[in-house]
>>> print(open('data.cif').read())   # mmCIF, C-alpha atoms, pLDDT in the B column; chains and numbers go by the auth columns
data_final
#
loop_
_atom_site.group_PDB
_atom_site.id
_atom_site.type_symbol
_atom_site.label_atom_id
_atom_site.label_comp_id
_atom_site.label_asym_id
_atom_site.label_seq_id
_atom_site.Cartn_x
_atom_site.Cartn_y
_atom_site.Cartn_z
_atom_site.B_iso_or_equiv
_atom_site.auth_seq_id
_atom_site.auth_asym_id
ATOM 1 C CA MET A 1 -14.910 6.472 -41.827 38.00 1 V
ATOM 2 C CA PRO A 2 -16.630 3.644 -39.880 47.00 2 V
ATOM 3 C CA PRO A 3 -15.111 2.315 -36.656 48.00 3 V
ATOM 4 C CA ARG A 4 -12.445 -0.328 -37.236 61.00 4 V
ATOM 5 C CA THR A 5 -13.825 -2.652 -34.551 78.00 5 V
ATOM 6 C CA THR A 6 -16.537 -2.825 -31.931 89.00 6 V
ATOM 7 C CA MET A 7 -15.658 -1.665 -28.436 94.00 7 V
ATOM 8 C CA SER A 8 -16.367 -5.116 -27.022 93.00 8 V
ATOM 9 C CA ASP A 9 -14.086 -6.775 -29.582 93.00 9 V
ATOM 10 C CA TRP A 10 -11.373 -4.196 -28.950 95.00 10 V
ATOM 11 C CA ILE A 11 -11.463 -4.913 -25.212 95.00 11 V
ATOM 12 C CA GLU A 12 -11.232 -8.643 -25.876 94.00 12 V
ATOM 13 C CA GLN A 13 -8.177 -7.975 -28.030 94.00 13 V
ATOM 14 C CA LEU A 14 -6.552 -6.034 -25.183 95.00 14 V
ATOM 15 C CA GLN A 15 -7.259 -8.846 -22.767 93.00 15 V
ATOM 16 C CA SER A 16 -5.820 -11.447 -25.154 92.00 16 V
ATOM 17 C CA ARG A 17 -2.557 -9.463 -25.076 92.00 17 V
ATOM 18 C CA GLY A 18 -2.512 -9.427 -21.274 92.00 18 V
ATOM 19 C CA ARG A 19 -3.567 -5.780 -21.026 94.00 19 V
ATOM 20 C CA TYR A 20 -6.327 -5.022 -18.522 96.00 20 V
ATOM 21 C CA THR A 21 -6.351 -1.216 -18.311 97.00 21 V
ATOM 22 C CA PHE A 22 -6.970 1.586 -20.760 97.00 22 V
ATOM 23 C CA THR A 23 -8.074 5.210 -20.900 96.00 23 V
ATOM 24 C CA ARG A 24 -11.007 6.783 -22.667 95.00 24 V
ATOM 25 C CA LYS A 25 -8.552 8.426 -25.063 95.00 25 V
ATOM 26 C CA ASP A 26 -7.080 4.999 -25.858 95.00 26 V
ATOM 27 C CA ALA A 27 -10.534 3.645 -26.652 94.00 27 V
ATOM 28 C CA GLU A 28 -11.467 6.635 -28.771 93.00 28 V
ATOM 29 C CA SER A 29 -8.301 6.646 -30.865 92.00 29 V
ATOM 30 C CA GLU A 30 -7.866 2.887 -31.264 92.00 30 V
ATOM 31 C CA THR A 31 -11.468 2.151 -32.287 91.00 31 V
ATOM 32 C CA GLY A 32 -11.921 5.246 -34.448 89.00 32 V
ATOM 33 C CA ARG A 33 -14.983 6.453 -32.557 90.00 33 V
ATOM 34 C CA SER A 34 -16.037 9.953 -31.630 91.00 34 V
ATOM 35 C CA PHE A 35 -15.981 11.151 -28.024 92.00 35 V
ATOM 36 C CA ILE A 36 -19.735 10.684 -27.627 94.00 36 V
ATOM 37 C CA ALA A 37 -19.785 7.263 -29.309 93.00 37 V
ATOM 38 C CA THR A 38 -16.895 6.112 -27.138 94.00 38 V
ATOM 39 C CA GLN A 39 -18.592 7.296 -23.955 94.00 39 V
ATOM 40 C CA THR A 40 -21.805 5.539 -24.938 95.00 40 V
ATOM 41 C CA ALA A 41 -20.076 2.254 -25.723 95.00 41 V
ATOM 42 C CA LEU A 42 -18.058 2.339 -22.495 96.00 42 V
ATOM 43 C CA ARG A 43 -21.158 3.086 -20.447 96.00 43 V
ATOM 44 C CA ARG A 44 -22.887 0.014 -21.884 96.00 44 V
ATOM 45 C CA LEU A 45 -19.902 -2.183 -21.091 96.00 45 V
ATOM 46 C CA LYS A 46 -19.867 -0.849 -17.508 95.00 46 V
ATOM 47 C CA GLU A 47 -23.560 -1.673 -17.159 95.00 47 V
ATOM 48 C CA LYS A 48 -22.804 -5.240 -18.261 94.00 48 V
ATOM 49 C CA GLY A 49 -20.004 -5.519 -15.689 95.00 49 V
ATOM 50 C CA LYS A 50 -17.309 -6.018 -18.322 96.00 50 V
ATOM 51 C CA ILE A 51 -15.324 -2.945 -17.265 97.00 51 V
ATOM 52 C CA VAL A 52 -15.071 -0.681 -14.195 97.00 52 V
ATOM 53 C CA ALA A 53 -13.780 2.874 -13.823 97.00 53 V
ATOM 54 C CA PRO A 54 -11.699 3.487 -10.654 96.00 54 V
ATOM 55 C CA ARG A 55 -11.242 7.080 -11.830 96.00 55 V
ATOM 56 C CA ARG A 56 -12.875 9.189 -14.498 94.00 56 V
ATOM 57 C CA GLY A 57 -11.373 8.328 -17.857 95.00 57 V
ATOM 58 C CA PHE A 58 -9.488 5.252 -16.579 97.00 58 V
ATOM 59 C CA TYR A 59 -10.915 1.763 -17.060 98.00 59 V
ATOM 60 C CA VAL A 60 -10.150 -1.767 -15.913 98.00 60 V
ATOM 61 C CA ILE A 61 -11.297 -4.852 -17.781 97.00 61 V
ATOM 62 C CA VAL A 62 -13.152 -7.364 -15.590 97.00 62 V
ATOM 63 C CA PRO A 63 -12.487 -10.964 -16.722 95.00 63 V
ATOM 64 C CA PRO A 64 -15.387 -13.440 -16.384 93.00 64 V
ATOM 65 C CA GLU A 65 -13.857 -15.052 -13.294 94.00 65 V
ATOM 66 C CA TYR A 66 -14.062 -11.705 -11.461 95.00 66 V
ATOM 67 C CA ARG A 67 -17.556 -10.641 -12.520 93.00 67 V
ATOM 68 C CA ALA A 68 -18.987 -11.842 -9.181 92.00 68 V
ATOM 69 C CA THR A 69 -16.654 -9.544 -7.219 93.00 69 V
ATOM 70 C CA GLY A 70 -17.081 -6.707 -9.685 94.00 70 V
ATOM 71 C CA ALA A 71 -13.369 -6.111 -10.294 96.00 71 V
ATOM 72 C CA PRO A 72 -10.036 -7.918 -10.501 96.00 72 V
ATOM 73 C CA PRO A 73 -7.585 -7.568 -7.576 95.00 73 V
ATOM 74 C CA ALA A 74 -6.079 -4.113 -7.028 97.00 74 V
ATOM 75 C CA SER A 75 -2.627 -5.515 -7.812 96.00 75 V
ATOM 76 C CA TRP A 76 -3.750 -5.951 -11.414 97.00 76 V
ATOM 77 C CA PHE A 77 -4.173 -2.248 -12.005 98.00 77 V
ATOM 78 C CA ILE A 78 -2.587 -0.172 -9.223 98.00 78 V
ATOM 79 C CA ASP A 79 0.547 0.684 -11.189 98.00 79 V
ATOM 80 C CA ALA A 80 -1.409 1.809 -14.244 97.00 80 V
ATOM 81 C CA LEU A 81 -3.836 3.764 -12.062 98.00 81 V
ATOM 82 C CA MET A 82 -1.062 5.683 -10.310 98.00 82 V
ATOM 83 C CA ARG A 83 0.599 6.458 -13.634 97.00 83 V
ATOM 84 C CA HIS A 84 -2.755 7.735 -14.854 97.00 84 V
ATOM 85 C CA LEU A 85 -2.971 9.956 -11.760 97.00 85 V
ATOM 86 C CA ASP A 86 0.670 10.989 -12.285 97.00 86 V
ATOM 87 C CA GLN A 87 1.517 10.293 -8.626 98.00 87 V
ATOM 88 C CA PRO A 88 4.465 8.403 -7.122 98.00 88 V
ATOM 89 C CA TYR A 89 3.352 5.516 -4.941 98.00 89 V
ATOM 90 C CA TYR A 90 4.174 2.274 -3.270 98.00 90 V
ATOM 91 C CA VAL A 91 2.044 -0.528 -1.845 98.00 91 V
ATOM 92 C CA GLY A 92 2.509 -0.165 1.901 97.00 92 V
ATOM 93 C CA VAL A 93 1.422 -0.815 5.486 96.00 93 V
ATOM 94 C CA LEU A 94 -0.444 -4.133 5.925 95.00 94 V
ATOM 95 C CA SER A 95 -0.657 -4.848 2.188 96.00 95 V
ATOM 96 C CA ALA A 96 3.140 -4.715 1.952 96.00 96 V
ATOM 97 C CA ALA A 97 3.576 -6.602 5.219 95.00 97 V
ATOM 98 C CA THR A 98 1.453 -9.437 3.844 94.00 98 V
ATOM 99 C CA LEU A 99 3.668 -9.627 0.767 94.00 99 V
ATOM 100 C CA HIS A 100 6.681 -9.882 3.089 94.00 100 V
ATOM 101 C CA GLY A 101 5.365 -12.819 5.051 87.00 101 V
ATOM 102 C CA ALA A 102 2.897 -11.441 7.594 87.00 102 V
ATOM 103 C CA SER A 103 -0.144 -13.676 7.352 77.00 103 V
ATOM 104 C CA HIS A 104 -1.866 -13.051 10.701 66.00 104 V
ATOM 105 C CA GLN A 105 -4.366 -10.648 9.204 63.00 105 V
ATOM 106 C CA GLN A 106 -5.047 -10.419 5.509 67.00 106 V
ATOM 107 C CA PRO A 107 -6.020 -6.762 4.930 69.00 107 V
ATOM 108 C CA MET A 108 -9.490 -6.341 3.447 83.00 108 V
ATOM 109 C CA ILE A 109 -8.378 -3.007 2.020 93.00 109 V
ATOM 110 C CA PHE A 110 -5.475 -2.579 -0.397 96.00 110 V
ATOM 111 C CA GLN A 111 -3.180 0.029 1.157 97.00 111 V
ATOM 112 C CA VAL A 112 -1.077 2.465 -0.863 98.00 112 V
ATOM 113 C CA VAL A 113 1.209 5.326 0.157 98.00 113 V
ATOM 114 C CA THR A 114 1.351 8.307 -2.193 98.00 114 V
ATOM 115 C CA SER A 115 2.485 11.918 -2.291 97.00 115 V
ATOM 116 C CA LYS A 116 -0.765 13.802 -1.725 96.00 116 V
ATOM 117 C CA PRO A 117 -4.231 13.236 -0.264 97.00 117 V
ATOM 118 C CA THR A 118 -6.072 10.895 -2.615 97.00 118 V
ATOM 119 C CA ARG A 119 -9.685 9.851 -2.552 97.00 119 V
ATOM 120 C CA GLU A 120 -10.383 6.192 -1.764 97.00 120 V
ATOM 121 C CA VAL A 121 -11.043 3.902 -4.738 97.00 121 V
ATOM 122 C CA ARG A 122 -13.976 1.503 -4.653 96.00 122 V
ATOM 123 C CA VAL A 123 -14.776 -0.779 -7.580 96.00 123 V
ATOM 124 C CA GLY A 124 -16.862 -3.875 -6.999 93.00 124 V
ATOM 125 C CA LYS A 125 -15.600 -5.449 -3.782 93.00 125 V
ATOM 126 C CA VAL A 126 -12.134 -3.928 -4.195 95.00 126 V
ATOM 127 C CA THR A 127 -11.179 -0.969 -2.004 97.00 127 V
ATOM 128 C CA ILE A 128 -7.901 0.951 -2.264 98.00 128 V
ATOM 129 C CA ARG A 129 -7.098 3.340 0.573 97.00 129 V
ATOM 130 C CA PHE A 130 -4.288 5.887 0.435 98.00 130 V
ATOM 131 C CA SER A 131 -1.931 7.218 3.092 97.00 131 V
ATOM 132 C CA THR A 132 0.092 10.345 2.429 97.00 132 V
ATOM 133 C CA SER A 133 3.826 10.947 2.723 96.00 133 V
ATOM 134 C CA ARG A 134 6.119 13.692 1.479 93.00 134 V
ATOM 135 C CA LYS A 135 8.898 11.105 1.099 93.00 135 V
ATOM 136 C CA VAL A 136 7.295 8.483 -1.111 97.00 136 V
ATOM 137 C CA GLU A 137 10.078 8.475 -3.683 96.00 137 V
ATOM 138 C CA PRO A 138 13.143 8.200 -1.404 97.00 138 V
ATOM 139 C CA MET A 139 11.616 5.431 0.751 98.00 139 V
ATOM 140 C CA PRO A 140 13.164 2.044 -0.123 98.00 140 V
ATOM 141 C CA THR A 141 10.899 -0.065 -2.316 98.00 141 V
ATOM 142 C CA THR A 142 11.081 -3.136 -4.498 97.00 142 V
ATOM 143 C CA ILE A 143 9.398 -4.047 -7.781 98.00 143 V
ATOM 144 C CA MET A 144 7.158 -7.094 -7.546 97.00 144 V
ATOM 145 C CA GLN A 145 5.618 -9.044 -10.387 96.00 145 V
ATOM 146 C CA THR A 146 1.832 -9.158 -10.613 95.00 146 V
ATOM 147 C CA GLU A 147 -0.536 -11.130 -12.821 93.00 147 V
ATOM 148 C CA THR A 148 -0.558 -8.252 -15.314 93.00 148 V
ATOM 149 C CA GLY A 149 2.824 -6.564 -14.912 93.00 149 V
ATOM 150 C CA THR A 150 4.583 -5.065 -11.914 96.00 150 V
ATOM 151 C CA MET A 151 3.909 -2.838 -8.902 98.00 151 V
ATOM 152 C CA ARG A 152 6.086 -0.850 -6.524 98.00 152 V
ATOM 153 C CA VAL A 153 6.059 -2.307 -3.006 98.00 153 V
ATOM 154 C CA ALA A 154 7.638 -1.121 0.251 98.00 154 V
ATOM 155 C CA THR A 155 10.648 -3.154 1.324 98.00 155 V
ATOM 156 C CA SER A 156 10.172 -5.103 4.535 97.00 156 V
ATOM 157 C CA GLU A 157 12.038 -2.328 6.393 98.00 157 V
ATOM 158 C CA THR A 158 9.843 0.427 4.912 98.00 158 V
ATOM 159 C CA ALA A 159 6.746 -1.658 5.672 97.00 159 V
ATOM 160 C CA ALA A 160 7.890 -2.034 9.290 97.00 160 V
ATOM 161 C CA PHE A 161 8.143 1.728 9.665 97.00 161 V
ATOM 162 C CA ASP A 162 4.779 2.184 7.924 97.00 162 V
ATOM 163 C CA LEU A 163 3.143 0.221 10.740 95.00 163 V
ATOM 164 C CA VAL A 164 4.099 2.871 13.299 95.00 164 V
ATOM 165 C CA ARG A 165 3.773 5.819 10.921 96.00 165 V
ATOM 166 C CA TYR A 166 0.166 4.937 10.015 95.00 166 V
ATOM 167 C CA PRO A 167 -1.289 3.347 13.175 92.00 167 V
ATOM 168 C CA LEU A 168 -4.917 3.567 12.064 91.00 168 V
ATOM 169 C CA ALA A 169 -4.140 1.753 8.820 92.00 169 V
ATOM 170 C CA ALA A 170 -2.037 -0.782 10.732 91.00 170 V
ATOM 171 C CA GLY A 171 -4.820 -1.753 13.113 86.00 171 V
ATOM 172 C CA GLN A 172 -3.355 -0.125 16.220 82.00 172 V
ATOM 173 C CA LEU A 173 -0.683 -1.326 18.637 88.00 173 V
ATOM 174 C CA GLN A 174 -1.509 -5.001 19.185 87.00 174 V
ATOM 175 C CA ASN A 175 -1.760 -5.704 15.486 89.00 175 V
ATOM 176 C CA MET A 176 1.470 -3.802 14.780 91.00 176 V
ATOM 177 C CA ALA A 177 3.333 -6.056 17.202 92.00 177 V
ATOM 178 C CA THR A 178 1.813 -9.238 15.763 92.00 178 V
ATOM 179 C CA VAL A 179 2.671 -8.256 12.192 94.00 179 V
ATOM 180 C CA LEU A 180 6.215 -7.195 13.125 94.00 180 V
ATOM 181 C CA GLY A 181 6.770 -10.557 14.794 92.00 181 V
ATOM 182 C CA GLU A 182 5.763 -12.343 11.599 93.00 182 V
ATOM 183 C CA MET A 183 7.906 -10.098 9.398 93.00 183 V
ATOM 184 C CA ALA A 184 11.011 -10.059 11.609 92.00 184 V
ATOM 185 C CA GLU A 185 12.974 -12.757 9.805 93.00 185 V
ATOM 186 C CA ARG A 186 12.746 -10.763 6.558 94.00 186 V
ATOM 187 C CA ILE A 187 13.941 -7.463 8.051 96.00 187 V
ATOM 188 C CA ASP A 188 17.575 -6.337 7.947 96.00 188 V
ATOM 189 C CA GLY A 189 18.608 -4.308 11.009 95.00 189 V
ATOM 190 C CA ARG A 190 21.173 -2.281 9.054 95.00 190 V
ATOM 191 C CA GLU A 191 18.576 -1.392 6.436 97.00 191 V
ATOM 192 C CA LEU A 192 16.291 -0.158 9.222 97.00 192 V
ATOM 193 C CA VAL A 193 18.928 2.444 10.082 97.00 193 V
ATOM 194 C CA GLU A 194 18.906 3.659 6.473 96.00 194 V
ATOM 195 C CA VAL A 195 15.154 4.150 6.611 97.00 195 V
ATOM 196 C CA ALA A 196 15.420 5.781 10.054 97.00 196 V
ATOM 197 C CA ASN A 197 17.140 8.730 8.378 95.00 197 V
ATOM 198 C CA LEU A 198 13.972 9.352 6.341 96.00 198 V
ATOM 199 C CA VAL A 199 11.357 9.281 9.109 97.00 199 V
ATOM 200 C CA LYS A 200 10.664 11.103 12.371 96.00 200 V
ATOM 201 C CA LEU A 201 12.513 10.151 15.546 96.00 201 V
ATOM 202 C CA PRO A 202 9.343 9.054 17.411 95.00 202 V
ATOM 203 C CA ASP A 203 8.712 6.530 14.622 96.00 203 V
ATOM 204 C CA VAL A 204 12.178 5.075 15.206 97.00 204 V
ATOM 205 C CA GLN A 205 11.621 4.940 18.964 97.00 205 V
ATOM 206 C CA ARG A 206 8.271 3.189 18.702 96.00 206 V
ATOM 207 C CA LEU A 207 9.430 0.698 16.093 97.00 207 V
ATOM 208 C CA GLY A 208 12.530 -0.151 18.106 97.00 208 V
ATOM 209 C CA TYR A 209 10.523 -0.730 21.254 96.00 209 V
ATOM 210 C CA LEU A 210 7.997 -2.944 19.445 96.00 210 V
ATOM 211 C CA LEU A 211 10.708 -5.023 17.773 96.00 211 V
ATOM 212 C CA GLU A 212 12.266 -5.708 21.157 95.00 212 V
ATOM 213 C CA ALA A 213 8.845 -6.485 22.606 93.00 213 V
ATOM 214 C CA VAL A 214 8.332 -9.240 20.026 93.00 214 V
ATOM 215 C CA GLY A 215 11.767 -10.753 20.719 93.00 215 V
ATOM 216 C CA ALA A 216 13.786 -9.114 17.937 94.00 216 V
ATOM 217 C CA ARG A 217 16.289 -7.266 20.151 93.00 217 V
ATOM 218 C CA ASP A 218 19.281 -8.143 17.941 94.00 218 V
ATOM 219 C CA LEU A 219 17.413 -6.866 14.907 95.00 219 V
ATOM 220 C CA ALA A 220 16.715 -3.554 16.636 96.00 220 V
ATOM 221 C CA ALA A 221 20.269 -3.135 17.997 96.00 221 V
ATOM 222 C CA PRO A 222 21.750 -1.134 15.065 96.00 222 V
ATOM 223 C CA MET A 223 18.813 1.256 15.282 96.00 223 V
ATOM 224 C CA ALA A 224 19.290 1.655 19.049 96.00 224 V
ATOM 225 C CA ASP A 225 22.944 2.614 18.512 95.00 225 V
ATOM 226 C CA TRP A 226 21.896 5.140 15.851 96.00 226 V
ATOM 227 C CA LEU A 227 19.173 6.577 18.084 95.00 227 V
ATOM 228 C CA GLU A 228 21.508 7.085 21.033 92.00 228 V
ATOM 229 C CA ILE A 229 23.457 9.650 19.001 94.00 229 V
ATOM 230 C CA GLN A 230 20.240 11.543 18.178 93.00 230 V
ATOM 231 C CA ARG A 231 19.401 12.130 21.868 90.00 231 V
ATOM 232 C CA PRO A 232 15.597 11.984 21.385 92.00 232 V
ATOM 233 C CA ARG A 233 13.045 13.250 23.863 93.00 233 V
ATOM 234 C CA VAL A 234 10.710 10.813 25.617 91.00 234 V
ATOM 235 C CA VAL A 235 7.547 10.069 23.634 91.00 235 V
ATOM 236 C CA PRO A 236 4.472 7.918 24.390 91.00 236 V
ATOM 237 C CA LEU A 237 4.338 4.432 22.933 90.00 237 V
ATOM 238 C CA LEU A 238 0.731 4.962 21.907 86.00 238 V
ATOM 239 C CA SER A 239 0.812 8.016 19.672 78.00 239 V
ATOM 240 C CA GLY A 240 -1.645 10.639 20.837 73.00 240 V
ATOM 241 C CA GLY A 241 -2.038 8.979 24.222 69.00 241 V
ATOM 242 C CA PRO A 242 -0.965 10.413 27.569 68.00 242 V
ATOM 243 C CA ALA A 243 2.769 10.672 28.279 66.00 243 V
ATOM 244 C CA GLN A 244 2.609 8.501 31.367 70.00 244 V
ATOM 245 C CA GLY A 245 3.707 5.104 32.602 75.00 245 V
ATOM 246 C CA GLU A 246 7.089 3.497 32.998 89.00 246 V
ATOM 247 C CA ILE A 247 9.853 4.895 30.785 91.00 247 V
ATOM 248 C CA ASN A 248 11.923 2.541 28.647 92.00 248 V
ATOM 249 C CA GLN A 249 15.298 4.298 28.699 93.00 249 V
ATOM 250 C CA ARG A 250 16.765 2.425 25.726 95.00 250 V
ATOM 251 C CA TRP A 251 14.088 3.783 23.397 95.00 251 V
ATOM 252 C CA ARG A 252 12.999 6.815 25.435 94.00 252 V
ATOM 253 C CA ILE A 253 9.393 5.589 25.416 93.00 253 V
ATOM 254 C CA HIS A 254 6.578 6.161 27.895 91.00 254 V
ATOM 255 C CA ILE A 255 4.918 2.734 28.033 89.00 255 V
ATOM 256 C CA ASN A 256 1.369 4.069 28.096 84.00 256 V
ATOM 257 C CA ALA A 257 -0.255 0.953 26.610 81.00 257 V
ATOM 258 C CA GLU A 258 -0.011 -2.765 27.303 82.00 258 V
ATOM 259 C CA LEU A 259 0.807 -5.447 24.754 79.00 259 V
ATOM 260 C CA ASP A 260 -0.633 -8.945 25.055 74.00 260 V
ATOM 261 C CA LEU A 261 2.059 -10.814 23.151 66.00 261 V
ATOM 262 C CA GLU A 262 0.385 -14.182 23.692 58.00 262 V
ATOM 263 C CA ALA A 263 -2.820 -13.075 21.961 47.00 263 V
#
>>> encode(input="data.cif", output="structure tokens")
Amino acid sequence: MPPRTTMSDWIEQLQSRGRYTFTRKDAESETGRSFIATQTALRRLKEKGKIVAPRRGFYVIVPPEYRATGAPPASWFIDALMRHLDQPYYVGVLSAATLHGASHQQPMIFQVVTSKPTREVRVGKVTIRFSTSRKVEPMPTTIMQTETGTMRVATSETAAFDLVRYPLAAGQLQNMATVLGEMAERIDGRELVEVANLVKLPDVQRLGYLLEAVGARDLAAPMADWLEIQRPRVVPLLSGGPAQGEINQRWRIHINAELDLEA
């Protein structure tokens, strides 16, 4: 039985229905081709820049307007990709902060938090980098609309904690403070306490100190009351740095790094 349609026509049909991702198995079954014929046709389309493969067996259609960059934005396919990988996820750290109003630094890399170590994705000029957490699913998230569907995104409170939980991804201390200052009006202090129950105490201490440092003392107050009951030990502000410098008693923090809040 001959194929019902060409691979190129089939992909155009998907795109006309607003669908921009598919698997090799989808292509094989829906065009009536054999495994080898499907692989050959997909390889030719990749060579022409009409599709890209972030992972083996998973493909993303590249519309003409994105041929120069080699791939559409990660938001177009992240949800489908993570379902293909069968991993819980949320868009986090600076990528989530940007979606919640932090515009100081647009991240060049799309940042995702998932449940196990995951190799970086690079397609065209799009890079997706993964951080790992054992508590991806209980962390508060929201569903945001994208051009092609939806994606799971950290709430502003989860994103705030991500900044101190993943300092390398967040751009280190100065950038954390700048981003928190821009996000502050979208953060709920009571919701921060809910998230505090899901993270480590040093993360709560550092976030509380940084919120106060950027002028959000009232926002941090519910978390300070919660922390007082926990009786935490003193930890350094800069994770991994020396436990030295003045101690902030409210947050039990060694201030071992300076913040230039006018930068």
>>> residues_near_point(input="data.cif", point="(20.9, -6.6, 15.1)", cutoff="8 Å", atoms="all atoms listed in the file", output="ChimeraX atom specification")
/V:188-190,217-222
>>> closest_residue(input="data.cif", among="V:Val126, V:Ala27, V:Ala37, V:Leu163", to="Ala71 in chain V", atoms="all atoms listed in the file")
V:Val126
>>> resolve_selection(input="data.cif", expression="the PyMOL selection byres ((chain V and resi 133) around 12)", output="VMD selection string")
chain V and resid 87 to 90 92 112 to 118 130 to 132 134 to 139 162 165 to 166 198 to 200
>>> write_last_selection(input="data.cif", atoms="C-alpha atoms", output="JSON list (two decimals), in the frame of the given file")
[["chain", "number", "residue", "atom", "x", "y", "z"],
["V", 87, "GLN", "CA", 1.52, 10.29, -8.63],
["V", 88, "PRO", "CA", 4.46, 8.40, -7.12],
["V", 89, "TYR", "CA", 3.35, 5.52, -4.94],
["V", 90, "TYR", "CA", 4.17, 2.27, -3.27],
["V", 92, "GLY", "CA", 2.51, -0.16, 1.90],
["V", 112, "VAL", "CA", -1.08, 2.46, -0.86],
["V", 113, "VAL", "CA", 1.21, 5.33, 0.16],
["V", 114, "THR", "CA", 1.35, 8.31, -2.19],
["V", 115, "SER", "CA", 2.48, 11.92, -2.29],
["V", 116, "LYS", "CA", -0.76, 13.80, -1.72],
["V", 117, "PRO", "CA", -4.23, 13.24, -0.26],
["V", 118, "THR", "CA", -6.07, 10.90, -2.62],
["V", 130, "PHE", "CA", -4.29, 5.89, 0.44],
["V", 131, "SER", "CA", -1.93, 7.22, 3.09],
["V", 132, "THR", "CA", 0.09, 10.34, 2.43],
["V", 134, "ARG", "CA", 6.12, 13.69, 1.48],
["V", 135, "LYS", "CA", 8.90, 11.10, 1.10],
["V", 136, "VAL", "CA", 7.30, 8.48, -1.11],
["V", 137, "GLU", "CA", 10.08, 8.48, -3.68],
["V", 138, "PRO", "CA", 13.14, 8.20, -1.40],
["V", 139, "MET", "CA", 11.62, 5.43, 0.75],
["V", 162, "ASP", "CA", 4.78, 2.18, 7.92],
["V", 165, "ARG", "CA", 3.77, 5.82, 10.92],
["V", 166, "TYR", "CA", 0.17, 4.94, 10.02],
["V", 198, "LEU", "CA", 13.97, 9.35, 6.34],
["V", 199, "VAL", "CA", 11.36, 9.28, 9.11],
["V", 200, "LYS", "CA", 10.66, 11.10, 12.37]]
>>> residues_around(input="data.cif", residues="range 74-86 of chain V", least_positions_apart="4", cutoff="9 Å", atoms="only C-alpha atoms", output="VMD selection string")
chain V and resid 20 to 23 54 to 55 58 to 60 90 to 91 110 112 114 126 to 128 146 to 152
>>> write_last_selection(input="data.cif", atoms="C-alpha atoms", output="PDB file, in the frame of the given file")
ATOM      1  CA  TYR V  20      -6.327  -5.022 -18.522  1.00 96.00           C
ATOM      2  CA  THR V  21      -6.351  -1.216 -18.311  1.00 97.00           C
ATOM      3  CA  PHE V  22      -6.970   1.586 -20.760  1.00 97.00           C
ATOM      4  CA  THR V  23      -8.074   5.210 -20.900  1.00 96.00           C
ATOM      5  CA  PRO V  54     -11.699   3.487 -10.654  1.00 96.00           C
ATOM      6  CA  ARG V  55     -11.242   7.080 -11.830  1.00 96.00           C
ATOM      7  CA  PHE V  58      -9.488   5.252 -16.579  1.00 97.00           C
ATOM      8  CA  TYR V  59     -10.915   1.763 -17.060  1.00 98.00           C
ATOM      9  CA  VAL V  60     -10.150  -1.767 -15.913  1.00 98.00           C
ATOM     10  CA  TYR V  90       4.174   2.274  -3.270  1.00 98.00           C
ATOM     11  CA  VAL V  91       2.044  -0.528  -1.845  1.00 98.00           C
ATOM     12  CA  PHE V 110      -5.475  -2.579  -0.397  1.00 96.00           C
ATOM     13  CA  VAL V 112      -1.077   2.465  -0.863  1.00 98.00           C
ATOM     14  CA  THR V 114       1.351   8.307  -2.193  1.00 98.00           C
ATOM     15  CA  VAL V 126     -12.134  -3.928  -4.195  1.00 95.00           C
ATOM     16  CA  THR V 127     -11.179  -0.969  -2.004  1.00 97.00           C
ATOM     17  CA  ILE V 128      -7.901   0.951  -2.264  1.00 98.00           C
ATOM     18  CA  THR V 146       1.832  -9.158 -10.613  1.00 95.00           C
ATOM     19  CA  GLU V 147      -0.536 -11.130 -12.821  1.00 93.00           C
ATOM     20  CA  THR V 148      -0.558  -8.252 -15.314  1.00 93.00           C
ATOM     21  CA  GLY V 149       2.824  -6.564 -14.912  1.00 93.00           C
ATOM     22  CA  THR V 150       4.583  -5.065 -11.914  1.00 96.00           C
ATOM     23  CA  MET V 151       3.909  -2.838  -8.902  1.00 98.00           C
ATOM     24  CA  ARG V 152       6.086  -0.850  -6.524  1.00 98.00           C
TER      25      ARG V 152
END
>>> resolve_selection(input="data.cif", expression="the PyMOL selection byres ((chain V and resi 48) around 12)", output="count of residues only")
19
>>> closest_residue(input="data.cif", among="V:Val93, V:Met108, V:Ala196, V:Leu210", to="Lys125 in chain V", atoms="only C-alpha atoms")
V:Met108
>>> resolve_selection(input="data.cif", expression="the PyMOL selection byres ((chain V and resi 171) around 12)", output="JSON, numbers by chain")
{"V": [93, 94, 104, 105, 106, 107, 108, 109, 162, 163, 164, 165, 166, 167, 168, 169, 170, 172, 173, 174, 175, 176, 177, 178, 179]}
>>> write_last_selection(input="data.cif", atoms="C-alpha atoms", output="mmCIF file, in the coordinates of the input")
data_model
loop_
_atom_site.group_PDB
_atom_site.id
_atom_site.type_symbol
_atom_site.label_atom_id
_atom_site.label_comp_id
_atom_site.auth_asym_id
_atom_site.auth_seq_id
_atom_site.Cartn_x
_atom_site.Cartn_y
_atom_site.Cartn_z
ATOM 1 C CA VAL V 93 1.422 -0.815 5.486
ATOM 2 C CA LEU V 94 -0.444 -4.133 5.925
ATOM 3 C CA HIS V 104 -1.866 -13.051 10.701
ATOM 4 C CA GLN V 105 -4.366 -10.648 9.204
ATOM 5 C CA GLN V 106 -5.047 -10.419 5.509
ATOM 6 C CA PRO V 107 -6.020 -6.762 4.930
ATOM 7 C CA MET V 108 -9.490 -6.341 3.447
ATOM 8 C CA ILE V 109 -8.378 -3.007 2.020
ATOM 9 C CA ASP V 162 4.779 2.184 7.924
ATOM 10 C CA LEU V 163 3.143 0.221 10.740
ATOM 11 C CA VAL V 164 4.099 2.871 13.299
ATOM 12 C CA ARG V 165 3.773 5.819 10.921
ATOM 13 C CA TYR V 166 0.166 4.937 10.015
ATOM 14 C CA PRO V 167 -1.289 3.347 13.175
ATOM 15 C CA LEU V 168 -4.917 3.567 12.064
ATOM 16 C CA ALA V 169 -4.140 1.753 8.820
ATOM 17 C CA ALA V 170 -2.037 -0.782 10.732
ATOM 18 C CA GLN V 172 -3.355 -0.125 16.220
ATOM 19 C CA LEU V 173 -0.683 -1.326 18.637
ATOM 20 C CA GLN V 174 -1.509 -5.001 19.185
ATOM 21 C CA ASN V 175 -1.760 -5.704 15.486
ATOM 22 C CA MET V 176 1.470 -3.802 14.780
ATOM 23 C CA ALA V 177 3.333 -6.056 17.202
ATOM 24 C CA THR V 178 1.813 -9.238 15.763
ATOM 25 C CA VAL V 179 2.671 -8.256 12.192
#
